[in-house]
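Visitor: Enclosed is the structure file work38.txt (compact mmCIF, C-alpha atoms).
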# COMPACT_ATOMS: atom_id res chain seq x y z
CA MET T 1 41.39 23.97 -16.13
CA LEU T 2 38.69 21.32 -16.32
CA THR T 3 36.67 21.16 -19.50
CA ILE T 4 33.44 19.16 -19.57
CA ARG T 5 32.07 18.16 -22.94
CA SER T 6 28.62 16.83 -23.67
CA LEU T 7 26.52 16.51 -26.82
CA LEU T 8 22.79 16.69 -26.35
CA CYS T 9 21.70 13.84 -28.55
CA LEU T 10 19.22 11.14 -27.73
CA VAL T 11 20.63 7.80 -28.77
CA ALA T 12 19.40 4.26 -28.58
CA ALA T 13 20.81 1.64 -26.25
CA PRO T 14 24.63 1.75 -26.16
CA LEU T 15 26.32 -0.18 -28.93
CA LEU T 16 29.26 -2.45 -28.28
CA VAL T 17 32.63 -1.53 -29.70
CA SER T 18 32.60 -4.71 -31.78
CA ALA T 19 29.55 -3.41 -33.64
CA LEU T 20 31.19 -0.12 -34.59
CA PRO T 21 33.27 0.80 -37.65
CA GLN T 22 36.44 -1.28 -37.52
CA GLN T 23 38.69 0.54 -40.00
CA ARG T 24 39.81 4.03 -40.96
CA ASP T 25 38.90 5.09 -44.48
CA ASN T 26 42.37 5.56 -45.94
CA ARG T 27 41.89 6.42 -49.62
CA ALA T 28 45.65 6.66 -50.17
CA GLY T 29 46.22 3.03 -49.29
CA PRO T 30 44.97 0.00 -47.39
CA SER T 31 42.44 0.62 -44.62
CA VAL T 32 43.97 0.90 -41.15
CA PRO T 33 42.12 -0.86 -38.31
CA LEU T 34 40.62 1.42 -35.70
CA THR T 35 41.80 0.98 -32.14
CA PRO T 36 39.15 0.09 -29.54
CA GLN T 37 39.50 3.67 -28.24
CA GLU T 38 38.80 5.05 -31.73
CA GLN T 39 35.87 2.70 -32.15
CA ALA T 40 34.41 3.86 -28.83
CA ALA T 41 34.82 7.48 -29.93
CA THR T 42 32.37 6.86 -32.78
CA LEU T 43 29.62 6.44 -30.20
CA PRO T 44 28.05 9.84 -29.53
CA LEU T 45 27.98 11.37 -26.09
CA GLY T 46 24.55 12.30 -24.86
CA ILE T 47 21.57 11.60 -22.66
CA THR T 48 19.65 8.33 -22.41
CA GLU T 49 17.31 6.65 -19.96
CA ALA T 50 18.56 4.33 -17.21
CA SER T 51 16.98 1.01 -16.35
CA ASP T 52 15.10 2.60 -13.43
CA GLY T 53 13.78 5.48 -15.55
CA SER T 54 16.35 7.97 -14.30
CA VAL T 55 18.82 9.80 -16.56
CA ILE T 56 22.18 8.64 -17.92
CA LEU T 57 24.52 11.44 -18.94
CA ASP T 58 27.40 10.26 -21.14
CA THR T 59 30.02 13.01 -21.21
CA SER T 60 33.75 13.67 -20.94
CA ALA T 61 36.24 15.95 -19.25
CA THR T 62 39.92 16.73 -19.49
CA VAL T 63 41.60 15.58 -16.28
CA ASN T 64 45.35 15.85 -15.75
CA GLY T 65 45.82 16.33 -19.46
CA VAL T 66 43.87 13.26 -20.57
CA GLU T 67 40.32 12.94 -21.83
CA LEU T 68 38.14 10.87 -19.51
CA ARG T 69 34.78 9.72 -20.82
CA PHE T 70 32.28 8.78 -18.14
CA LYS T 71 28.61 8.13 -17.52
CA VAL T 72 26.51 9.20 -14.56
CA SER T 73 23.11 7.68 -13.76
CA ALA T 74 20.91 9.83 -11.51
CA PRO T 75 17.48 11.43 -11.15
CA ALA T 76 17.28 14.47 -13.45
CA GLN T 77 17.00 17.03 -10.63
CA LEU T 78 20.37 15.99 -9.20
CA PHE T 79 22.28 17.03 -12.31
CA THR T 80 23.66 20.55 -12.27
CA THR T 81 22.22 23.32 -14.35
CA ASP T 82 25.56 23.42 -16.20
CA THR T 83 24.60 20.18 -17.94
CA ASP T 84 22.12 19.72 -20.77
CA VAL T 85 19.85 17.47 -18.70
CA THR T 86 16.19 18.46 -18.82
CA GLY T 87 14.95 19.00 -15.28
CA ALA T 88 18.40 19.57 -13.80
CA SER T 89 18.20 21.89 -10.80
CA ALA T 90 21.36 21.43 -8.71
CA GLN T 91 24.08 24.02 -8.53
CA ALA T 92 27.69 23.04 -9.16
CA GLY T 93 29.23 21.84 -5.91
CA ALA T 94 25.90 21.09 -4.26
CA THR T 95 25.54 17.88 -2.27
CA SER T 96 22.68 15.44 -1.85
CA ARG T 97 21.85 12.38 0.23
CA PHE T 98 23.01 10.06 -2.56
CA GLY T 99 26.48 8.57 -2.67
CA LEU T 100 28.33 7.13 -5.67
CA ASN T 101 29.26 3.70 -6.95
CA VAL T 102 32.17 4.29 -9.36
CA LEU T 103 32.95 1.37 -11.68
CA LEU T 104 36.18 0.68 -13.58
CA HIS T 105 35.54 -1.77 -16.43
CA GLY T 106 37.61 -4.75 -17.49
CA ASP T 107 40.07 -4.91 -20.38
CA GLY T 108 38.31 -3.96 -23.60
CA GLY T 109 35.63 -1.80 -21.98
CA GLN T 110 32.61 -4.12 -22.06
CA SER T 111 31.23 -2.94 -18.72
CA PHE T 112 31.49 0.70 -19.73
CA PHE T 113 29.03 0.10 -22.55
CA ASP T 114 26.83 -2.24 -20.48
CA PHE T 115 26.92 0.07 -17.42
CA PRO T 116 25.87 -2.70 -14.99
CA ASN T 117 25.76 -0.32 -12.00
CA GLN T 118 23.39 2.16 -13.64
CA ALA T 119 20.28 3.36 -11.78
CA VAL T 120 20.02 4.33 -8.13
CA GLN T 121 20.91 1.27 -6.05
CA GLY T 122 21.30 1.31 -2.29
CA ASN T 123 21.11 5.11 -2.29
CA LEU T 124 24.10 5.24 -4.65
CA LEU T 125 24.24 6.89 -8.05
CA GLY T 126 25.97 4.85 -10.74
CA VAL T 127 29.15 6.11 -12.38
CA VAL T 128 31.29 4.28 -14.93
CA VAL T 129 34.55 5.61 -16.39
CA LEU T 130 36.20 4.63 -19.69
CA ALA T 131 39.93 3.94 -19.51
CA PRO T 132 42.06 6.57 -21.34
CA SER T 133 43.77 3.82 -23.29
CA GLU T 134 44.01 2.92 -26.97
CA ASN T 135 42.95 -0.63 -26.11
CA LEU T 136 40.61 0.41 -23.26
CA LEU T 137 42.85 -1.07 -20.56
CA TRP T 138 42.87 0.44 -17.10
CA GLY T 139 46.46 1.07 -16.07
CA GLN T 140 47.91 0.72 -19.57
CA ARG T 141 47.39 3.62 -21.95
CA ALA T 142 49.26 2.28 -24.98
CA GLY T 143 50.08 -1.10 -26.49
CA PRO T 144 48.44 -4.51 -26.36
CA PRO T 145 47.39 -6.14 -23.06
CA SER T 146 50.32 -7.01 -20.81
CA GLY T 147 48.64 -9.25 -18.26
CA LEU T 148 49.13 -8.07 -14.71
CA SER T 149 51.51 -5.29 -15.70
CA ARG T 150 49.83 -1.89 -15.37
CA ALA T 151 52.51 0.71 -16.10
CA ASP T 152 50.02 3.60 -16.01
CA GLY T 153 48.10 2.40 -12.97
CA GLU T 154 49.35 5.22 -10.79
CA ALA T 155 48.46 7.97 -13.29
CA ASP T 156 45.08 6.43 -14.08
CA SER T 157 44.24 6.14 -10.39
CA LEU T 158 45.07 9.79 -9.81
CA ALA T 159 42.87 10.71 -12.77
CA VAL T 160 39.95 8.77 -11.26
CA ARG T 161 40.56 10.44 -7.90
CA ASP T 162 40.57 13.89 -9.50
CA LEU T 163 37.50 13.10 -11.59
CA ILE T 164 35.57 12.33 -8.40
CA ARG T 165 36.94 15.27 -6.44
CA ASP T 166 37.04 18.00 -9.09
CA VAL T 167 34.79 17.10 -12.02
CA LEU T 168 31.78 15.16 -10.75
CA PRO T 169 30.72 17.96 -8.35
CA GLN T 170 30.27 20.12 -11.47
CA VAL T 171 28.00 17.48 -12.99
CA VAL T 172 25.81 16.00 -10.26
CA ALA T 173 24.95 16.56 -6.60
CA PHE T 174 26.19 13.72 -4.37
CA ASP T 175 27.43 12.95 -0.88
CA PRO T 176 31.25 13.04 -1.01
CA THR T 177 31.46 11.03 2.22
CA ASN T 178 29.60 8.06 0.74
CA ILE T 179 31.70 6.75 -2.15
CA PHE T 180 31.92 3.12 -3.24
CA PHE T 181 34.02 1.56 -5.97
CA THR T 182 33.60 -1.47 -8.23
CA GLY T 183 36.37 -3.01 -10.29
CA VAL T 184 35.86 -5.60 -13.01
CA SER T 185 38.84 -7.73 -14.10
CA GLY T 186 41.48 -5.26 -15.34
CA GLY T 187 39.66 -2.44 -13.58
CA ALA T 188 39.92 -4.43 -10.34
CA LEU T 189 43.67 -4.76 -10.91
CA THR T 190 44.06 -0.99 -11.11
CA LEU T 191 41.76 -0.35 -8.16
CA SER T 192 43.51 -2.79 -5.82
CA GLY T 193 47.04 -2.35 -7.06
CA PHE T 194 47.11 1.43 -7.30
CA PHE T 195 43.98 3.34 -6.35
CA MET T 196 43.29 1.70 -3.01
CA PRO T 197 46.80 2.02 -1.55
CA ALA T 198 47.30 5.55 -2.86
CA HIS T 199 43.87 7.16 -2.48
CA LEU T 200 41.38 5.12 -0.45
CA ALA T 201 42.31 7.08 2.69
CA GLU T 202 40.80 10.15 1.01
CA PHE T 203 37.38 8.47 0.88
CA PRO T 204 36.29 7.74 4.47
CA ASP T 205 34.02 4.75 5.04
CA ALA T 206 34.44 3.66 1.43
CA GLY T 207 33.68 0.24 0.05
CA VAL T 208 35.43 -1.60 -2.78
CA LEU T 209 33.98 -4.56 -4.69
CA LEU T 210 36.66 -6.39 -6.67
CA MET T 211 35.21 -8.73 -9.30
CA CYS T 212 37.36 -11.33 -11.03
CA GLY T 213 40.67 -9.60 -10.43
CA ALA T 214 42.97 -8.14 -7.79
CA LEU T 215 46.59 -7.13 -7.28
CA GLU T 216 48.53 -6.61 -4.10
CA PRO T 217 49.55 -2.94 -3.70
CA GLN T 218 51.98 -1.84 -6.40
CA VAL T 219 52.61 1.57 -4.83
CA GLU T 220 53.15 2.83 -1.30
CA VAL T 221 50.16 2.45 1.00
CA VAL T 222 49.24 5.97 2.14
CA ASN T 223 47.68 6.52 5.58
CA ALA T 224 46.35 2.99 6.01
CA SER T 225 44.94 3.86 9.43
CA ALA T 226 42.43 6.18 7.75
CA PHE T 227 40.75 3.42 5.72
CA VAL T 228 41.63 -0.07 6.83
CA GLY T 229 39.37 -0.03 9.89
CA ASN T 230 36.30 1.38 8.17
CA SER T 231 36.41 0.37 4.49
CA LYS T 232 34.54 -2.68 3.24
CA ILE T 233 36.50 -4.80 0.72
CA HIS T 234 34.98 -7.82 -1.02
CA PHE T 235 36.81 -10.13 -3.42
CA GLN T 236 34.47 -12.05 -5.74
CA THR T 237 35.84 -14.66 -8.12
CA THR T 238 34.99 -18.11 -9.51
CA LEU T 239 36.33 -21.65 -9.38
CA GLY T 240 37.37 -21.46 -13.02
CA GLU T 241 39.22 -18.16 -12.76
CA LEU T 242 42.06 -17.37 -15.19
CA ASP T 243 45.30 -19.04 -14.15
CA ILE T 244 47.19 -15.76 -13.79
CA LEU T 245 44.48 -14.41 -11.48
CA GLN T 246 44.43 -17.61 -9.43
CA GLU T 247 47.79 -16.37 -8.16
CA SER T 248 47.26 -12.62 -7.96
CA ILE T 249 43.88 -12.63 -6.18
CA PRO T 250 45.07 -14.66 -3.14
CA ALA T 251 48.20 -12.51 -3.03
CA ALA T 252 46.04 -9.38 -2.88
CA ILE T 253 43.84 -10.90 -0.19
CA ARG T 254 46.88 -11.63 1.96
CA ALA T 255 48.34 -8.19 1.35
CA PHE T 256 45.27 -6.25 2.45
CA GLU T 257 44.75 -8.58 5.40
CA ASP T 258 48.37 -7.96 6.41
CA ILE T 259 47.77 -4.20 6.26
CA ALA T 260 44.82 -4.62 8.63
CA VAL T 261 46.85 -6.79 11.00
CA ALA T 262 49.64 -4.20 11.03
CA GLU T 263 47.06 -1.56 12.00
CA GLY T 264 45.99 -3.65 15.00
CA LEU T 265 42.67 -5.04 13.77
CA SER T 266 41.55 -8.33 15.28
CA ALA T 267 40.66 -11.35 13.18
CA ARG T 268 36.99 -10.68 13.92
CA GLN T 269 37.27 -7.06 12.81
CA ILE T 270 39.09 -8.03 9.64
CA GLY T 271 36.53 -10.69 8.82
CA ALA T 272 33.71 -8.17 9.09
CA LEU T 273 35.40 -5.76 6.69
CA GLN T 274 37.33 -7.98 4.28
CA THR T 275 35.43 -10.85 2.67
CA VAL T 276 35.88 -13.27 -0.20
CA ASP T 277 33.96 -15.83 -2.24
CA ASN T 278 34.72 -18.09 -5.18
CA THR T 279 31.73 -20.42 -5.03
CA PRO T 280 30.50 -20.03 -8.64
CA ASN T 281 31.54 -22.95 -10.84
CA GLY T 282 32.15 -20.74 -13.85
CA GLY T 283 34.95 -19.15 -15.80
CA HIS T 284 36.34 -15.62 -15.65
CA CYS T 285 33.63 -13.28 -14.26
CA GLU T 286 30.95 -15.94 -14.87
CA PHE T 287 29.38 -15.54 -11.43
CA ASP T 288 26.06 -16.89 -12.66
CA GLU T 289 27.91 -19.90 -14.16
CA PHE T 290 26.63 -18.83 -17.56
CA GLY T 291 28.31 -15.78 -19.07
CA PHE T 292 30.71 -12.87 -18.63
CA VAL T 293 28.18 -10.06 -19.05
CA SER T 294 25.35 -11.78 -17.17
CA GLY T 295 27.71 -12.81 -14.37
CA ILE T 296 28.88 -9.26 -13.80
CA GLN T 297 25.29 -8.02 -13.89
CA LEU T 298 24.32 -10.56 -11.22
CA ILE T 299 26.88 -9.18 -8.79
CA ALA T 300 26.08 -5.57 -9.70
CA ASP T 301 22.38 -6.21 -9.03
CA ASN T 302 23.28 -7.54 -5.57
CA PHE T 303 25.72 -4.75 -4.71
CA ALA T 304 23.77 -3.49 -1.70
CA ASN T 305 23.37 -6.96 -0.22
CA ILE T 306 27.11 -7.55 -0.53
CA MET T 307 28.59 -4.15 0.22
CA GLN T 308 26.06 -2.18 2.26
CA GLY T 309 25.23 -4.27 5.29
CA GLY T 310 23.24 -7.09 3.69
CA ASP T 311 23.55 -10.77 4.49
CA GLY T 312 25.54 -11.58 1.35
CA ALA T 313 22.97 -13.98 -0.09
CA VAL T 314 22.94 -13.82 -3.89
CA ASP T 315 20.16 -15.59 -5.75
CA GLY T 316 22.10 -17.51 -8.39
CA ILE T 317 25.20 -18.32 -6.31
CA ASP T 318 24.97 -21.61 -4.42
CA THR T 319 26.07 -20.47 -0.98
CA ALA T 320 24.25 -19.03 2.02
CA THR T 321 26.45 -15.94 1.86
CA VAL T 322 29.34 -14.67 -0.25
CA LEU T 323 30.58 -12.71 2.75
CA LYS T 324 33.19 -15.16 4.00
CA SER T 325 36.00 -13.76 6.12
CA VAL T 326 39.36 -13.55 4.39
CA VAL T 327 40.87 -14.85 7.63
CA GLY T 328 41.47 -18.54 6.98
CA ASN T 329 40.37 -18.21 3.35
CA GLU T 330 43.46 -16.56 1.93
CA ASN T 331 44.48 -19.58 -0.14
CA LEU T 332 41.49 -20.02 -2.40
CA GLU T 333 41.05 -23.35 -4.13
CA PHE T 334 40.40 -23.17 -7.86
CA LEU T 335 39.79 -25.72 -10.56
CA SER T 336 42.94 -27.20 -12.04
CA ALA T 337 43.72 -26.62 -15.70
CA ASP T 338 42.54 -30.17 -16.51
CA ALA T 339 39.35 -29.70 -14.51
CA LYS T 340 38.67 -26.40 -16.29
CA ARG T 341 39.12 -28.07 -19.67
CA GLY T 342 36.61 -30.71 -18.66
CA PHE T 343 34.22 -28.03 -17.43
CA GLU T 344 34.55 -26.14 -20.74
CA ASP T 345 33.84 -29.34 -22.67
CA ILE T 346 30.62 -29.83 -20.71
CA LEU T 347 29.55 -26.26 -21.48
CA ALA T 348 30.32 -26.73 -25.17
CA GLU T 349 28.04 -29.77 -25.25
CA ALA T 350 25.21 -28.06 -23.38
Could you express the structure from this file as structure tokens?

Guide:
Amino acid sequence: MLTIRSLLCLVAAPLLVSALPQQRDNRAGPSVPLTPQEQAATLPLGITEASDGSVILDTSATVNGVELRFKVSAPAQLFTTDTDVTGASAQAGATSRFGLNVLLHGDGGQSFFDFPNQAVQGNLLGVVVLAPSENLLWGQRAGPPSGLSRADGEADSLAVRDLIRDVLPQVVAFDPTNIFFTGVSGGALTLSGFFMPAHLAEFPDAGVLLMCGALEPQVEVVNASAFVGNSKIHFQTTLGELDILQESIPAAIRAFEDIAVAEGLSARQIGALQTVDNTPNGGHCEFDEFGFVSGIQLIADNFANIMQGGDGAVDGIDTATVLKSVVGNENLEFLSADAKRGFEDILAEA
């Protein structure tokens, strides 16, 4: 049985985990550091205002035996009357003309708290989900970060699938045939490595934006013919990407291109659906060549122009379009380690 929990409490702008209590009060001995998951739990659930004046509901539900915390950004009337949102008028299971953009944050959860895809953008309601992990890692529920290894990627992907299918219809009215996904760093690893091969066929005409991270499929690709010819996939990275991702992102690009080739798509068809860019001369997720948070926000603000039929021009990225076909661009060129060190020295002096 699904259990949705929400506390009706008006809170200020979301706090970052780093600003929360860092230790348990252990009067019997030395204080024990809180895990990032425990720190996040000190932030109250509740209702706040989105950047466009709509409502953000921060709530949680038990899905497949794990607690998933998530936020939904939507006009008040689209929330169901089962929620505590003032002005909610939808019935559970009702649909609307609005689709969803579901975001999986990077390791540590920064983008959950920032919620860069909040507000209604391109007729999509924003959704962000917090990883059910002690260190807020998608695909790894326990232990410190393990790089590209995501032992719980399959279970986490199923939980996200079931959240969308079974829980969100109880919370907000949306169009279940118009679902997009955004992955940031570690979230992009779980999306590409596990969710896309296992579940993308269940979301017709979907789109997936993979920022600063990607894995080739780590599980069996299910019913590729149902998604590969109609799902938009964009890989966005930078010249100064992390070394480990300089290998995994091109591998993922080749893998999904190979799936399309195997399904009989032409190079032109593939290029229209699968695109890539690494123009920004920045570090990991620094698409604006300035910062991690601001870089992610830049891409999130241009989601519609990248993923929903736009020309791919992004004000702040020095290229006419980020929508370059993966065909012929599989082997991305990145800065060498020495070049990155020089680039970092320049930034430090700026």

Visitor: Just want the 10 Å neighbourhood of Asn331 in chain T, counted on all atoms listed in the file, with same-chain residues fewer than 6 positions away dropped. Output as a list in words.

Guide: Gln246, Glu247, Ile249, Pro250, Ala251, Ile253 and Arg254 of chain T

Visitor: Out of T:Phe334, T:Phe115, T:Phe174, T:Phe292, which residue has the shortest atom-to-atom distance to Leu103 in chain T when counting all atoms listed in the file?

Guide: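 Once distances to Leu103 in chain T are computed over all atoms listed in the file, the minimum belongs to T:Phe115.
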
Visitor: Considering all atoms listed in the file, return as a VMD selection string whatever protein or nucleic-acid residues lie within 12 Å of range 326-330 of chain T, sequence-local ones (same chain, fewer than 5 positions apart) excluded.

Guide: chain T and resid 232 to 236 246 to 258 260 to 261 265 to 278

Visitor: So that I can see what lies close to Leu239 in chain T, please list as a PyMOL selection string the residues with an atom at most 7 Å from it, counting only C-alpha atoms and leaving out residues fewer than 4 positions away in the same chain.

Guide: chain T and resi 278-282+334-335

Visitor: How close does each residue of range 82-108 of chain T get to range 185-208 of chain T, giving the shortest atom pair and distance in Å to one decimal for every residue with an atom at most 12 Å away, counting only C-alpha atoms, sorted by chain and residue number, as a Markdown table?

Guide:
| residue | atom | partner | partner_atom | distance |
| --- | --- | --- | --- | --- |
| T:Gly99 | CA | T:Ala206 | CA | 10.2 |
| T:Leu100 | CA | T:Ala206 | CA | 10.0 |
| T:Asn101 | CA | T:Gly207 | CA | 9.0 |
| T:Val102 | CA | T:Val208 | CA | 9.4 |
| T:Leu103 | CA | T:Gly187 | CA | 7.9 |
| T:Leu104 | CA | T:Gly187 | CA | 4.7 |
| T:His105 | CA | T:Gly187 | CA | 5.1 |
| T:Gly106 | CA | T:Gly186 | CA | 4.5 |
| T:Asp107 | CA | T:Gly186 | CA | 5.2 |
| T:Gly108 | CA | T:Gly186 | CA | 8.9 |

Visitor: CA of Asp301 in chain T and CA of Gly283 in chain T are how many Å apart?

Guide: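 If I compute the distance from CA of Asp301 in chain T to CA of Gly283 in chain T, I get 19.3 Å.
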
Visitor: For CA of Val160 in chain T and CA of Thr237 in chain T, determine how far apart the two atoms are, in Å to one decimal place.

Guide: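 These two atoms are separated by 24.0 Å.
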
Visitor: Go through T:Val228, T:Val55, T:Val129, T:Leu245 and flag the residue nearest Thr83 in chain T, using only C-alpha atoms for the distances.

Guide: T:Val55

Visitor: Would you kindly return, as a compact mmCIF listing (two decimals) with C-alpha atoms, in the coordinates of the input, each protein, DNA or RNA residue with an atom no farther than 10 Å from any atom of Val167 in chain T, considering all atoms listed in the file and excluding same-chain residues fewer than 2 positions away?

Guide:
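Result written to selection.txt:
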# COMPACT_ATOMS: atom_id res chain seq x y z
CA LEU T 2 38.69 21.32 -16.32
CA THR T 3 36.67 21.16 -19.50
CA ILE T 4 33.44 19.16 -19.57
CA SER T 60 33.75 13.67 -20.94
CA ALA T 61 36.24 15.95 -19.25
CA THR T 62 39.92 16.73 -19.49
CA VAL T 63 41.60 15.58 -16.28
CA ALA T 92 27.69 23.04 -9.16
CA GLY T 93 29.23 21.84 -5.91
CA VAL T 160 39.95 8.77 -11.26
CA ARG T 161 40.56 10.44 -7.90
CA ASP T 162 40.57 13.89 -9.50
CA LEU T 163 37.50 13.10 -11.59
CA ILE T 164 35.57 12.33 -8.40
CA ARG T 165 36.94 15.27 -6.44
CA PRO T 169 30.72 17.96 -8.35
CA GLN T 170 30.27 20.12 -11.47
CA VAL T 171 28.00 17.48 -12.99
CA VAL T 172 25.81 16.00 -10.26

Visitor: In Å to one decimal, how far is CA of Thr321 in chain T from CA of Leu148 in chain T?

Guide: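 These two atoms are separated by 29.2 Å.
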
Visitor: Quick one: of T:Ser294, T:Gln308, T:Gln110, T:Ser225, who's nearest to Gly264 in chain T, counting all atoms listed in the file?

Guide: T:Ser225

Visitor: Please report, as lines of an AutoDock Vina configuration file, the centre and edge lengths in Å to one decimal of an axis-aligned box covering all listed atoms of range 61-69 of chain T with 3 Å per side.

Guide:
center_x = 40.3
center_y = 13.2
center_z = -18.8
size_x = 17.0
size_y = 13.0
size_z = 12.1

Visitor: From the list T:Leu124, T:Ala74, T:Leu43, T:Cys212, which residue is nearest Pro176 in chain T when using all atoms listed in the file?

Guide: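 Between T:Leu124, T:Ala74, T:Leu43, T:Cys212, the residue approaching Pro176 in chain T most closely is T:Leu124.
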
Visitor: Here is a test: counting all atoms listed in the file, which residue of T:Ala304, T:Ala131, T:Leu168, T:Ile179 is nearest to Gln37 in chain T?

Guide: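 For Gln37 in chain T, the nearest of the given residues is T:Ala131.
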